[in-house]
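Structure file data-v4.txt; described as compact mmCIF, C-alpha atoms and all ligand atoms.
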# COMPACT_ATOMS: atom_id res chain seq x y z
CA MET O 63 -20.25 22.05 -9.13
CA ARG O 64 -16.96 20.21 -9.48
CA HIS O 65 -15.56 19.83 -12.98
CA ILE O 66 -12.72 17.40 -13.64
CA GLY O 67 -10.94 17.84 -16.92
CA GLY O 68 -7.69 16.67 -18.50
CA THR O 69 -4.44 18.58 -18.49
CA GLY O 70 -3.68 18.67 -22.20
CA LEU O 71 -1.00 16.08 -21.62
CA ARG O 72 1.98 16.06 -23.88
CA PRO O 73 2.97 12.43 -24.60
CA ALA O 74 6.07 11.31 -22.69
CA ALA O 75 8.38 8.38 -23.29
CA PRO O 76 6.79 5.17 -22.00
CA ALA O 77 8.07 4.08 -18.62
CA GLY O 78 8.00 0.69 -16.95
CA GLY O 79 5.58 -0.60 -14.36
CA GLU O 80 1.93 -1.55 -14.52
CA GLY O 81 0.41 0.36 -17.42
CA GLY O 82 3.52 2.49 -18.07
CA ALA O 83 3.65 6.29 -18.18
CA VAL O 84 1.37 7.91 -20.74
CA GLY O 85 2.01 11.58 -20.24
CA THR O 86 3.50 14.40 -18.23
CA TYR O 87 1.91 17.67 -17.26
CA HIS O 88 3.62 20.69 -18.79
CA GLY O 89 1.00 23.39 -18.37
CA GLY O 90 1.80 26.82 -17.05
CA VAL O 91 0.41 28.24 -13.81
CA THR O 92 -2.49 30.64 -14.27
CA ALA O 93 -3.80 33.20 -11.83
CA SER O 94 -7.10 31.35 -11.29
CA LYS O 95 -7.34 28.83 -8.48
CA ARG O 96 -7.08 25.24 -9.60
CA VAL O 97 -6.48 21.68 -8.46
CA LEU O 98 -4.16 19.15 -10.07
CA LEU O 99 -5.40 15.67 -9.28
CA ALA O 100 -2.89 12.84 -9.54
CA LYS O 101 -3.81 9.66 -11.38
CA PRO O 102 -3.17 6.89 -10.44
CA ARG O 103 -4.04 7.49 -6.81
CA GLY O 104 -5.89 5.60 -4.09
CA TYR O 105 -6.76 1.92 -3.95
CA CYS O 106 -4.29 -0.57 -5.40
CA ALA O 107 -5.13 -4.15 -6.35
CA GLY O 108 -3.79 -5.56 -3.05
CA VAL O 109 -5.82 -3.19 -0.88
CA ASP O 110 -8.96 -3.71 -2.93
CA ARG O 111 -8.58 -7.48 -2.48
CA ALA O 112 -7.92 -7.22 1.27
CA VAL O 113 -10.92 -4.96 1.93
CA GLN O 114 -13.17 -7.14 -0.23
CA THR O 115 -11.93 -10.20 1.67
CA VAL O 116 -13.25 -8.82 4.96
CA GLU O 117 -16.50 -7.65 3.36
CA GLU O 118 -17.13 -11.03 1.69
CA ALA O 119 -16.20 -12.90 4.89
CA LEU O 120 -18.76 -10.81 6.81
CA LYS O 121 -21.43 -11.64 4.22
CA LEU O 122 -20.55 -15.32 4.09
CA TYR O 123 -19.97 -16.22 7.73
CA GLY O 124 -21.71 -13.29 9.48
CA ALA O 125 -20.29 -10.95 12.12
CA PRO O 126 -18.07 -10.87 13.96
CA ILE O 127 -15.05 -11.52 11.76
CA TYR O 128 -11.71 -11.05 13.52
CA VAL O 129 -8.94 -9.24 11.66
CA ARG O 130 -5.37 -9.42 12.91
CA LYS O 131 -3.90 -5.87 12.68
CA GLU O 132 -5.43 -3.14 10.52
CA ILE O 133 -6.46 -4.84 7.29
CA VAL O 134 -4.86 -1.88 5.47
CA HIS O 135 -3.37 1.24 7.02
CA ASN O 136 -6.33 3.56 6.73
CA LYS O 137 -8.44 4.93 9.57
CA HIS O 138 -11.60 5.32 7.48
CA VAL O 139 -11.45 1.80 6.02
CA VAL O 140 -10.91 0.30 9.46
CA SER O 141 -13.77 2.19 11.08
CA THR O 142 -16.12 1.38 8.16
CA LEU O 143 -15.37 -2.34 8.49
CA GLN O 144 -15.73 -2.14 12.28
CA ALA O 145 -19.22 -0.72 11.79
CA LYS O 146 -20.05 -3.75 9.61
CA GLY O 147 -18.91 -6.22 12.27
CA ALA O 148 -15.15 -6.67 11.91
CA ILE O 149 -13.17 -6.84 15.15
CA PHE O 150 -9.56 -5.74 14.84
CA VAL O 151 -7.05 -7.39 17.18
CA GLU O 152 -3.30 -7.13 17.56
CA GLU O 153 -2.58 -10.84 18.04
CA ASN O 154 -4.15 -14.26 17.44
CA ALA O 155 -4.32 -14.76 21.21
CA GLU O 156 -7.19 -12.22 21.31
CA VAL O 157 -9.29 -14.27 18.85
CA PRO O 158 -11.65 -16.83 20.44
CA GLU O 159 -10.63 -20.44 19.74
CA GLY O 160 -12.17 -21.81 16.56
CA ALA O 161 -13.14 -18.35 15.19
CA ILE O 162 -12.32 -16.92 11.76
CA VAL O 163 -9.36 -14.58 11.52
CA VAL O 164 -8.26 -12.55 8.50
CA PHE O 165 -4.57 -11.69 8.13
CA SER O 166 -3.89 -8.19 6.81
CA ALA O 167 -2.55 -7.12 3.40
CA HIS O 168 0.90 -6.49 4.91
CA GLY O 169 1.62 -10.19 5.39
CA VAL O 170 2.54 -12.27 8.41
CA ALA O 171 5.46 -14.40 9.51
CA PRO O 172 5.05 -18.20 9.33
CA GLU O 173 4.84 -18.36 13.13
CA VAL O 174 1.56 -16.38 12.97
CA HIS O 175 0.05 -19.15 10.82
CA GLU O 176 1.33 -21.69 13.35
CA GLN O 177 -0.23 -19.77 16.27
CA ALA O 178 -3.54 -19.72 14.38
CA LYS O 179 -3.40 -23.48 13.90
CA GLY O 180 -2.59 -23.90 17.59
CA ARG O 181 -5.77 -22.02 18.51
CA ASN O 182 -7.80 -23.89 15.92
CA LEU O 183 -8.55 -20.62 14.09
CA ARG O 184 -9.85 -20.59 10.53
CA ALA O 185 -7.37 -18.23 8.91
CA ILE O 186 -8.03 -16.30 5.71
CA ASP O 187 -4.83 -14.80 4.40
CA ALA O 188 -5.37 -11.40 2.73
CA THR O 189 -1.63 -10.79 2.27
CA CYS O 190 -1.10 -8.89 -0.98
CA PRO O 191 0.31 -11.28 -3.61
CA LEU O 192 3.12 -8.78 -4.24
CA VAL O 193 4.16 -9.05 -0.57
CA THR O 194 3.93 -12.85 -0.82
CA LYS O 195 6.34 -12.61 -3.75
CA VAL O 196 8.92 -10.93 -1.49
CA HIS O 197 8.36 -13.65 1.16
CA GLN O 198 9.05 -16.29 -1.49
CA GLU O 199 12.25 -14.52 -2.53
CA ALA O 200 13.37 -14.37 1.11
CA ARG O 201 12.76 -18.11 1.58
CA ARG O 202 14.55 -18.98 -1.64
CA PHE O 203 17.68 -16.91 -0.93
CA ALA O 204 17.77 -18.12 2.68
CA ALA O 205 17.59 -21.73 1.46
CA ASP O 206 20.64 -20.95 -0.72
CA ASP O 207 22.35 -19.56 2.42
CA TYR O 208 22.53 -15.93 1.25
CA ASP O 209 22.74 -12.99 3.62
CA ILE O 210 19.62 -10.94 2.83
CA LEU O 211 19.64 -7.17 3.28
CA LEU O 212 16.01 -6.13 3.64
CA ILE O 213 15.58 -2.40 2.93
CA GLY O 214 12.58 -1.18 4.91
CA HIS O 215 11.27 0.66 7.93
CA GLU O 216 11.93 -0.82 11.33
CA GLY O 217 8.75 -2.02 13.05
CA HIS O 218 6.56 -1.91 9.92
CA GLU O 219 4.25 -4.93 9.81
CA GLU O 220 5.38 -5.92 6.33
CA VAL O 221 9.04 -5.90 7.41
CA ILE O 222 8.22 -8.00 10.50
CA GLY O 223 6.35 -10.52 8.34
CA THR O 224 9.09 -10.81 5.71
CA THR O 225 11.85 -11.04 8.33
CA GLY O 226 9.93 -13.88 9.99
CA GLU O 227 10.44 -16.01 6.87
CA ALA O 228 14.18 -16.29 7.52
CA PRO O 229 15.20 -14.41 10.66
CA ALA O 230 18.69 -15.93 10.75
CA HIS O 231 19.49 -14.69 7.22
CA ILE O 232 17.79 -11.29 7.11
CA GLN O 233 19.08 -7.98 8.43
CA LEU O 234 17.17 -4.74 8.13
CA VAL O 235 18.64 -1.71 6.34
CA ASP O 236 16.51 1.27 7.34
CA GLY O 237 17.40 3.73 4.56
CA PRO O 238 20.78 5.06 3.34
CA ASP O 239 21.96 5.79 6.88
CA GLY O 240 21.59 2.13 7.81
CA VAL O 241 24.18 0.99 5.26
CA ASP O 242 27.24 1.45 7.48
CA LYS O 243 25.88 -0.93 10.12
CA VAL O 244 25.62 -3.87 7.69
CA THR O 245 27.85 -6.87 8.32
CA VAL O 246 27.83 -9.95 6.10
CA ARG O 247 29.43 -13.39 6.30
CA ASP O 248 30.48 -13.65 2.64
CA PRO O 249 30.44 -10.47 0.46
CA SER O 250 30.00 -12.62 -2.65
CA LYS O 251 26.76 -14.13 -1.35
CA VAL O 252 24.53 -11.20 -0.46
CA VAL O 253 21.22 -10.05 -1.95
CA TRP O 254 19.01 -7.05 -1.23
CA LEU O 255 15.23 -7.17 -1.05
CA SER O 256 12.85 -4.40 -0.01
CA GLN O 257 9.54 -3.45 1.52
CA THR O 258 6.96 -2.84 -1.22
CA THR O 259 5.97 0.70 -0.24
CA LEU O 260 9.25 2.63 -0.05
CA SER O 261 10.38 5.78 -1.81
CA VAL O 262 11.79 4.62 -5.15
CA ASP O 263 14.49 7.31 -5.16
CA GLU O 264 15.61 6.77 -1.57
CA THR O 265 15.80 3.02 -2.15
CA LEU O 266 17.97 3.56 -5.22
CA GLU O 267 20.28 5.66 -3.05
CA THR O 268 20.40 2.96 -0.36
CA VAL O 269 21.22 0.32 -2.96
CA ALA O 270 23.93 2.51 -4.53
CA ARG O 271 25.55 2.94 -1.11
CA LEU O 272 25.27 -0.77 -0.38
CA LYS O 273 26.91 -1.55 -3.73
CA ARG O 274 29.81 0.77 -2.94
CA ARG O 275 30.42 -1.34 0.19
CA LEU O 276 29.49 -4.69 -1.36
CA PRO O 277 30.24 -4.64 -5.12
CA LEU O 278 28.99 -8.23 -5.58
CA LEU O 279 25.61 -7.48 -4.01
CA MET O 280 22.81 -9.18 -5.97
CA SER O 281 19.53 -7.48 -6.81
CA PRO O 282 16.10 -9.12 -6.47
CA PRO O 283 14.89 -10.98 -9.58
CA SER O 284 12.21 -8.28 -10.08
CA ASP O 285 11.32 -4.99 -8.36
CA ASP O 286 10.05 -5.43 -4.80
CA ILE O 287 8.68 -1.88 -4.63
CA CYS O 288 5.29 -2.55 -6.15
CA TYR O 289 3.71 -1.05 -9.27
CA ALA O 290 1.17 0.92 -7.18
CA THR O 291 3.82 2.59 -5.04
CA SER O 292 5.94 3.54 -8.07
CA ASN O 293 2.99 4.72 -10.16
CA ARG O 294 1.62 6.97 -7.38
CA GLN O 295 5.06 8.48 -6.82
CA ASP O 296 5.49 9.09 -10.58
CA ALA O 297 2.16 10.93 -10.76
CA VAL O 298 3.10 13.13 -7.80
CA LYS O 299 6.50 13.90 -9.33
CA ALA O 300 4.75 15.02 -12.54
CA MET O 301 2.38 17.44 -10.81
CA ALA O 302 4.32 18.65 -7.75
CA PRO O 303 6.60 21.15 -9.52
CA ASN O 304 3.44 23.05 -10.56
CA CYS O 305 1.84 23.03 -7.10
CA ASP O 306 1.97 25.51 -4.24
CA LEU O 307 1.06 22.68 -1.95
CA VAL O 308 0.16 19.01 -2.24
CA LEU O 309 -2.51 17.37 -0.10
CA VAL O 310 -1.99 13.64 0.32
CA VAL O 311 -5.04 11.80 1.62
CA GLY O 312 -3.82 8.93 3.80
CA SER O 313 -3.23 7.84 7.37
CA GLN O 314 -0.12 8.61 9.40
CA ASN O 315 0.77 4.90 9.69
CA SER O 316 0.50 4.37 5.92
CA SER O 317 4.03 4.00 4.55
CA ASN O 318 3.15 4.66 0.92
CA SER O 319 1.10 7.76 1.86
CA GLN O 320 3.97 9.18 3.93
CA ARG O 321 6.30 8.61 0.98
CA LEU O 322 3.92 10.50 -1.36
CA ARG O 323 4.09 13.55 0.89
CA GLU O 324 7.91 13.40 0.93
CA VAL O 325 8.10 12.85 -2.84
CA ALA O 326 5.82 15.87 -3.42
CA VAL O 327 8.09 18.19 -1.47
CA ASP O 328 11.28 16.71 -2.98
CA ALA O 329 9.78 17.18 -6.47
CA GLY O 330 9.17 20.89 -5.93
CA ALA O 331 5.88 21.49 -4.13
CA SER O 332 6.29 24.29 -1.62
CA ALA O 333 4.52 22.23 1.04
CA GLY O 334 2.97 18.79 1.50
CA TYR O 335 0.37 17.68 4.05
CA LEU O 336 -0.88 14.22 4.96
CA ILE O 337 -4.54 14.19 6.01
CA ASP O 338 -7.11 11.51 6.76
CA TYR O 339 -10.11 13.75 6.09
CA ALA O 340 -10.93 17.02 4.31
CA SER O 341 -11.91 18.48 7.68
CA GLU O 342 -8.22 18.44 8.69
CA ILE O 343 -7.25 20.96 5.98
CA GLN O 344 -6.36 24.30 7.52
CA ASP O 345 -7.39 27.41 5.62
CA SER O 346 -3.99 28.94 6.41
CA TRP O 347 -2.37 26.27 4.19
CA LEU O 348 -4.29 27.68 1.20
CA GLU O 349 -3.43 31.34 1.78
CA GLY O 350 -1.82 32.74 -1.37
CA ALA O 351 -1.98 29.37 -3.15
CA THR O 352 -3.22 29.22 -6.72
CA THR O 353 -2.50 25.55 -7.50
CA VAL O 354 -3.18 22.71 -5.08
CA GLY O 355 -2.09 19.15 -5.88
CA VAL O 356 -4.19 16.29 -4.55
CA THR O 357 -3.37 12.60 -4.36
CA SER O 358 -4.02 9.66 -2.06
CA GLY O 359 -2.23 6.61 -0.72
CA ALA O 360 -2.86 3.08 -1.94
CA SER O 361 -5.19 2.30 0.98
CA VAL O 362 -7.51 5.30 0.51
CA PRO O 363 -11.04 5.07 -0.94
CA ASP O 364 -11.67 7.74 -3.57
CA GLU O 365 -14.71 9.10 -1.73
CA LEU O 366 -12.28 10.75 0.72
CA VAL O 367 -10.50 12.46 -2.19
CA MET O 368 -13.83 13.69 -3.54
CA GLU O 369 -14.55 15.25 -0.14
CA VAL O 370 -11.23 17.09 -0.38
CA LEU O 371 -12.21 18.39 -3.83
CA ASP O 372 -15.54 19.59 -2.38
CA PHE O 373 -13.68 21.36 0.43
CA LEU O 374 -11.41 23.06 -2.11
CA ALA O 375 -14.28 23.93 -4.45
CA ALA O 376 -15.98 25.74 -1.57
CA ARG O 377 -12.83 27.90 -1.45
CA ASP O 378 -12.90 28.71 -5.19
CA PHE O 379 -10.58 25.89 -6.32
CA THR O 380 -13.19 24.75 -8.83
CA ASP O 381 -10.99 23.98 -11.83
CA VAL O 382 -9.80 20.38 -11.42
CA ALA O 383 -7.45 18.75 -13.93
CA GLU O 384 -6.21 15.16 -13.68
CA VAL O 385 -2.49 14.56 -14.21
CA THR O 386 -2.34 11.04 -15.58
CA THR O 387 0.96 9.18 -15.74
CA ALA O 388 -0.20 5.54 -15.91
CA GLN O 389 -3.27 3.38 -16.39
CA GLU O 390 -3.76 0.54 -13.92
CA LYS O 391 -5.77 -2.57 -14.67
CA LEU O 392 -4.34 -5.12 -12.25
CA VAL O 393 -6.89 -7.09 -10.22
CA PHE O 394 -6.15 -9.89 -7.73
CA SER O 395 -8.58 -12.70 -7.05
CA LEU O 396 -9.80 -13.31 -3.50
CA PRO O 397 -7.93 -15.74 -1.21
CA GLN O 398 -8.48 -19.40 -2.18
CA GLU O 399 -9.87 -20.41 1.23
CA LEU O 400 -12.58 -17.73 0.95
CA LYS O 401 -13.41 -18.50 -2.70
CA ARG O 402 -13.79 -22.19 -1.82
CA ASP O 403 -16.35 -21.44 0.91
CA MET O 404 -18.19 -18.88 -1.30
CA LYS O 405 -18.47 -21.51 -4.03
CA ALA O 406 -19.70 -24.15 -1.56
CA GLN O 407 -22.37 -21.76 -0.27
CA ALA O 408 -23.50 -20.87 -3.81
CA THR O 409 -23.74 -24.59 -4.70
CA ALA O 410 -25.74 -25.34 -1.53
CA ARG O 411 -28.13 -22.45 -2.30
CA ALA O 412 -28.59 -23.60 -5.89
CA ALA O 413 -29.36 -27.14 -4.67
CA GLU O 414 -31.92 -25.75 -2.21
CA VAL O 415 -33.62 -23.73 -4.94
CA ALA O 416 -33.69 -26.76 -7.24
CA LYS O 417 -35.24 -28.86 -4.44
CA THR O 418 -37.94 -26.24 -3.83
CA LEU O 419 -38.80 -26.11 -7.52
CA SER O 420 -38.93 -29.90 -7.98
S1 LIG L 1 0.76 -1.08 -2.04
FE1 LIG L 1 1.55 -2.65 -3.43
S2 LIG L 1 2.23 -4.31 -2.12
FE2 LIG L 1 0.91 -2.99 -0.87
S3 LIG L 1 -1.11 -3.89 -1.07
FE3 LIG L 1 -0.95 -2.37 -2.70
S4 LIG L 1 -0.22 -3.54 -4.51
FE4 LIG L 1 0.14 -4.78 -2.69
Can you present the structure in this file as structure tokens?
Amino acid sequence: MRHIGGTGLRPAAPAGGEGGAVGTYHGGVTASKRVLLAKPRGYCAGVDRAVQTVEEALKLYGAPIYVRKEIVHNKHVVSTLQAKGAIFVEENAEVPEGAIVVFSAHGVAPEVHEQAKGRNLRAIDATCPLVTKVHQEARRFAADDYDILLIGHEGHEEVIGTTGEAPAHIQLVDGPDGVDKVTVRDPSKVVWLSQTTLSVDETLETVARLKRRLPLLMSPPSDDICYATSNRQDAVKAMAPNCDLVLVVGSQNSSNSQRLREVAVDAGASAGYLIDYASEIQDSWLEGATTVGVTSGASVPDELVMEVLDFLAARDFTDVAEVTTAQEKLVFSLPQELKRDMKAQATARAAEVAKTLS
């Protein structure tokens, strides 16, 4: 049987971000086999909202519900929603005219909303509010005629969506090596923004390099890398130095999951692996290991992490201790357009019941 205990955390100085840091693991490595389990891990508020949006839309309107792009970057979540009646498409053009389409948590460019209107689609926008915040910043700085340096990964859906807000003003900086290619019109009127799911440390390095080239570079009004990304990286940094290897549950196309694997190795784990399912763990990875770290990306349901713990327990890694560095309480409400229809349905049902009883 799996037992999850604490780590005997020694209080650490509070850090910023949602919930703040509450402790750091300082325990020594023992000979027995054990698992350090990062907390926070898994679902963030934006993913929870996006997945719930599709589930509620299926309940309210019935299947099929069309979803443009993967609602979140996780294989398991996508296949579970497919089984319930969601149809995932790449573009609005694949959605039948007049049907309902949900836009993913990563956000879309304004032209995607226009296309939806052109096809008479009923769009429900599940863009994470923290991505919407970056879109708003992009629009505001573009309206003030700033050059905007968007730090992010080329081709990522979030970057495509944000760039679409002001394509004439935004240029992509894909990590520290992209800094030398930057050209601006007026070095005194430049701001940097970023994708929400980047490595905090690598982004700091990119910004430092940009500032060496452009000393008057402005920073965004508040952090664009979201609380969930930073908190999950902090937890991995706390546990990785004590781990022989770190298993990150997440899909290959999940930016924040990929970053967790990199952060684990940079922070001192001897190895890091990104896996969708426990069945992908190779026994050779565990040879000679006494401490295995486990975490998961922001789009990963915790049931997949529990399956990893079961896999490890079957190989004598039965002692599981959580390494907690922050408490998260953030919750986002469902998209307005969906809430409005849910309320209308509830009112209609109540009226029907009242009529039956009268
Ligand atoms: S990772 Fe951050 S930005 Fe992305 S959905 Fe979650 S909370 Fe929103």
Exercise. In Å, how far is it from CA of Lys417 (chain O) to CA of Arg402 (chain O)?
Worked result: 22.6 Å
For ligand LIG 1 (chain L), list the contacting residues at 7 Å or closer, counting all atoms listed in the file, as a PDB file with C-alpha atoms, in the coordinates of the input.
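The file below, pocket_2.pdb, is the result:
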ATOM      1  CA  CYS O 106      -4.290  -0.570  -5.400  1.00  0.00           C
ATOM      2  CA  ALA O 107      -5.130  -4.150  -6.350  1.00  0.00           C
ATOM      3  CA  GLY O 108      -3.790  -5.560  -3.050  1.00  0.00           C
ATOM      4  CA  VAL O 109      -5.820  -3.190  -0.880  1.00  0.00           C
ATOM      5  CA  ALA O 167      -2.550  -7.120   3.400  1.00  0.00           C
ATOM      6  CA  HIS O 168       0.900  -6.490   4.910  1.00  0.00           C
ATOM      7  CA  CYS O 190      -1.100  -8.890  -0.980  1.00  0.00           C
ATOM      8  CA  PRO O 191       0.310 -11.280  -3.610  1.00  0.00           C
ATOM      9  CA  LEU O 192       3.120  -8.780  -4.240  1.00  0.00           C
ATOM     10  CA  VAL O 193       4.160  -9.050  -0.570  1.00  0.00           C
ATOM     11  CA  THR O 258       6.960  -2.840  -1.220  1.00  0.00           C
ATOM     12  CA  THR O 259       5.970   0.700  -0.240  1.00  0.00           C
ATOM     13  CA  CYS O 288       5.290  -2.550  -6.150  1.00  0.00           C
ATOM     14  CA  TYR O 289       3.710  -1.050  -9.270  1.00  0.00           C
ATOM     15  CA  ALA O 290       1.170   0.920  -7.180  1.00  0.00           C
ATOM     16  CA  THR O 291       3.820   2.590  -5.040  1.00  0.00           C
ATOM     17  CA  ASN O 318       3.150   4.660   0.920  1.00  0.00           C
ATOM     18  CA  ALA O 360      -2.860   3.080  -1.940  1.00  0.00           C
TER      19      ALA O 360
END
Exercise. How many Å lie between CA of Glu117 (chain O) and CA of Val134 (chain O), rounded to one decimal?
Worked result: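 Taking CA of Glu117 (chain O) as the start and CA of Val134 (chain O) as the end point, the length is 13.2 Å.
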Exercise. So, counting only C-alpha atoms, which residue among O:Phe165, O:Tyr339, O:Phe150, O:Tyr208 is closest to Ala112 (chain O)?
Worked result: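 Closest candidate: O:Phe165.
CA of Glu324 (chain O) sits 20.8 Å away from CA of Thr352 (chain O).
With distances taken over all atoms listed in the file, O:Pro397 is the one residue among O:Pro283, O:Gly312, O:Pro397, O:Gly217 lying closest to Ala185 (chain O).
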Exercise. Skipping near chain neighbours, those fewer than 3 positions away, what residues fall within 6 Å of Gly334 (chain O) using only C-alpha atoms, listed as number ranges by chain?
Worked result: O: 307-309, 323, 327
Using only C-alpha atoms, tabulate the residues of region 82-179 of chain O lying at most 9 Å from any atom of region 403-416 of chain O, each with its closest atom pair and that distance in Å to one decimal, by chain and increasing residue number, as a Markdown table.
| residue | atom | partner | partner_atom | distance |
| --- | --- | --- | --- | --- |
| O:Glu118 | CA | O:Met404 | CA | 8.5 |
| O:Ala119 | CA | O:Met404 | CA | 8.8 |
| O:Leu122 | CA | O:Met404 | CA | 6.9 |
Problem set entry | Test item: residues at most 7 Å from region 97-102 of chain O, only C-alpha atoms, excluding those fewer than 4 positions along its chain, as a list in words | Asn293, Arg294, Ala297, Val298, Met301, Thr353, Val354, Gly355, Val356, Thr357, Phe379, Asp381, Val382, Ala383, Glu384, Val385, Thr386, Thr387, Ala388 and Gln389 of chain O
Exercise. Can you list, as a PyMOL selection string, every protein, DNA or RNA residue that comes within 9 Å of His215 (chain O) when you count all atoms listed in the file, leaving out same-chain residues fewer than 6 positions away?
Worked result: chain O and resi 221+234-237+257+260+317
